[in-house]
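Below is the file query-v3.pdb, which contains PDB, C-alpha atoms.
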```pdb
ATOM      1  CA  MET A  13      -3.274 -27.559   7.953  1.00  0.00           C
ATOM      2  CA  ALA A  14      -2.178 -24.622   5.824  1.00  0.00           C
ATOM      3  CA  ALA A  15      -1.252 -21.337   7.466  1.00  0.00           C
ATOM      4  CA  ARG A  16      -3.944 -18.654   7.362  1.00  0.00           C
ATOM      5  CA  TYR A  17      -3.227 -14.969   6.816  1.00  0.00           C
ATOM      6  CA  GLU A  18      -5.020 -11.663   6.907  1.00  0.00           C
ATOM      7  CA  TYR A  19      -4.151  -8.597   4.870  1.00  0.00           C
ATOM      8  CA  ALA A  20      -4.277  -4.831   5.190  1.00  0.00           C
ATOM      9  CA  VAL A  21      -3.820  -2.281   2.401  1.00  0.00           C
ATOM     10  CA  ASP A  22      -2.800   1.326   3.061  1.00  0.00           C
ATOM     11  CA  GLU A  23      -3.119   4.063   0.430  1.00  0.00           C
ATOM     12  CA  ILE A  24      -0.300   6.577   0.690  1.00  0.00           C
ATOM     13  CA  ARG A  25      -0.234   9.700  -1.427  1.00  0.00           C
ATOM     14  CA  GLU A  26       1.122  13.188  -1.378  1.00  0.00           C
ATOM     15  CA  GLY A  27      -0.957  16.350  -1.528  1.00  0.00           C
ATOM     16  CA  MET A  28      -3.183  17.227  -4.445  1.00  0.00           C
ATOM     17  CA  ILE A  29      -0.677  19.751  -5.841  1.00  0.00           C
ATOM     18  CA  GLY A  30       2.257  17.766  -7.188  1.00  0.00           C
ATOM     19  CA  GLY A  31       5.230  16.742  -5.090  1.00  0.00           C
ATOM     20  CA  LYS A  32       7.085  13.482  -4.839  1.00  0.00           C
ATOM     21  CA  MET A  33       6.239  10.621  -2.529  1.00  0.00           C
ATOM     22  CA  SER A  34       7.837  11.247   0.838  1.00  0.00           C
ATOM     23  CA  GLY A  35      10.152   8.517   2.099  1.00  0.00           C
ATOM     24  CA  ASP A  36       9.431   9.674   5.645  1.00  0.00           C
ATOM     25  CA  LYS A  37       5.697   9.186   5.162  1.00  0.00           C
ATOM     26  CA  LEU A  38       6.228   5.645   3.852  1.00  0.00           C
ATOM     27  CA  GLU A  39       8.684   4.788   6.627  1.00  0.00           C
ATOM     28  CA  LYS A  40       6.233   5.976   9.278  1.00  0.00           C
ATOM     29  CA  ALA A  41       3.447   3.812   7.805  1.00  0.00           C
ATOM     30  CA  LEU A  42       5.715   0.740   7.574  1.00  0.00           C
ATOM     31  CA  ASN A  43       6.933   1.099  11.157  1.00  0.00           C
ATOM     32  CA  GLN A  44       3.411   1.616  12.502  1.00  0.00           C
ATOM     33  CA  ARG A  45       2.138  -1.558  10.825  1.00  0.00           C
ATOM     34  CA  ALA A  46       5.239  -3.497  11.961  1.00  0.00           C
ATOM     35  CA  ARG A  47       4.464  -2.577  15.586  1.00  0.00           C
ATOM     36  CA  GLU A  48       1.017  -4.130  15.046  1.00  0.00           C
ATOM     37  CA  GLY A  49       2.558  -7.397  13.797  1.00  0.00           C
ATOM     38  CA  TRP A  50       2.154  -6.799  10.058  1.00  0.00           C
ATOM     39  CA  GLN A  51       4.835  -7.690   7.497  1.00  0.00           C
ATOM     40  CA  LEU A  52       5.259  -5.851   4.187  1.00  0.00           C
ATOM     41  CA  LYS A  53       3.951  -7.964   1.299  1.00  0.00           C
ATOM     42  CA  ALA A  54       3.906  -5.604  -1.708  1.00  0.00           C
ATOM     43  CA  ILE A  55       4.120  -1.975  -2.818  1.00  0.00           C
ATOM     44  CA  THR A  56       2.151  -0.982  -5.916  1.00  0.00           C
ATOM     45  CA  SER A  57       2.360   2.385  -7.669  1.00  0.00           C
ATOM     46  CA  VAL A  58      -1.045   3.805  -8.619  1.00  0.00           C
ATOM     47  CA  GLU A  59      -2.730   6.989  -9.750  1.00  0.00           C
ATOM     48  CA  VAL A  60      -5.130   7.878  -6.955  1.00  0.00           C
ATOM     49  CA  LYS A  61      -8.251   9.702  -8.072  1.00  0.00           C
ATOM     50  CA  GLY A  62      -8.777  13.043  -6.400  1.00  0.00           C
ATOM     51  CA  ARG A  63     -12.017  14.417  -5.082  1.00  0.00           C
ATOM     52  CA  MET A  64     -11.934  17.380  -7.425  1.00  0.00           C
ATOM     53  CA  GLY A  65     -11.589  17.210 -11.204  1.00  0.00           C
ATOM     54  CA  PRO A  66     -10.694  14.332 -13.508  1.00  0.00           C
ATOM     55  CA  GLY A  67      -6.986  14.100 -12.616  1.00  0.00           C
ATOM     56  CA  GLY A  68      -5.304  12.074  -9.972  1.00  0.00           C
ATOM     57  CA  VAL A  69      -2.121  12.135  -7.961  1.00  0.00           C
ATOM     58  CA  GLU A  70       0.664   9.608  -7.785  1.00  0.00           C
ATOM     59  CA  GLY A  71       0.405   7.309  -4.851  1.00  0.00           C
ATOM     60  CA  ILE A  72       1.162   3.823  -3.678  1.00  0.00           C
ATOM     61  CA  LEU A  73      -0.797   0.954  -2.229  1.00  0.00           C
ATOM     62  CA  VAL A  74       1.129  -0.814   0.504  1.00  0.00           C
ATOM     63  CA  THR A  75      -0.028  -4.358   1.248  1.00  0.00           C
ATOM     64  CA  PHE A  76       0.726  -6.033   4.572  1.00  0.00           C
ATOM     65  CA  GLU A  77       0.286  -9.614   5.739  1.00  0.00           C
ATOM     66  CA  ARG A  78       0.189 -11.332   9.122  1.00  0.00           C
ATOM     67  CA  PRO A  79      -0.706 -14.802  10.332  1.00  0.00           C
ATOM     68  CA  VAL A  80      -4.161 -15.335  11.798  1.00  0.00           C
ATOM     69  CA  GLY A  81      -4.524 -16.893  15.196  1.00  0.00           C
TER      70      GLY A  81
END
```

Let me see the file written as structure tokens.
Amino acid sequence: MAARYEYAVDEIREGMIGGKMSGDKLEKALNQRAREGWQLKAITSVEVKGRMGPGGVEGILVTFERPVG
């Protein structure tokens, strides 16, 4: 029987007014998920749409994986 997995995706972005992605913010998210048994699967750079106006901000989608059951 093949292994079964579940996935979680976190959106991490900086504030609406510029700024670079904070390494501390990413590290905190990775460590929190690791404590819950998740393993990093992928990091994808994206432009995250803001609530105001047509522009977006740089962000990343962080995908985690862990075995089910």

Neighbouring residues of Pro79 in chain A were defined as those with any atom within 9 Å, considering only C-alpha atoms; residues of the same chain fewer than 6 positions away were excluded. Please report them as number ranges by chain.
A: 15-19, 49-50

For the PyMOL selection byres ((chain A and resi 73) around 8), applied here, can you spell out every residue it catches as number ranges by chain?
A: 21-24, 55-58, 71-72, 74-75

Atom pair CA of Ala54 in chain A / CA of Ala14 in chain A: separation (Å):
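So the answer is 21.3 Å.
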
Grab the CA of Glu59 in chain A to CA of Lys40 in chain A distance for me, in Å with one decimal place.
21.1 Å

Nearest to Glu70 in chain A: which of A:Leu42, A:Arg47, A:Ala20, A:Arg25 is it, counting all atoms listed in the file?
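Checking each of A:Leu42, A:Arg47, A:Ala20, A:Arg25 against Glu70 in chain A, counting all atoms listed in the file, the winner is A:Arg25.
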
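Here CA of Gln44 in chain A is placed at a distance of 20.3 Å from CA of Gly81 in chain A.
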
Listed atoms of range 44-47 of chain A boxed along x, y and z, 6 Å each side, centre and edge lengths in Å, one decimal, as JSON:
```
{"center_x": 3.7, "center_y": -0.9, "center_z": 13.2, "size_x": 15.1, "size_y": 17.1, "size_z": 16.8}
```
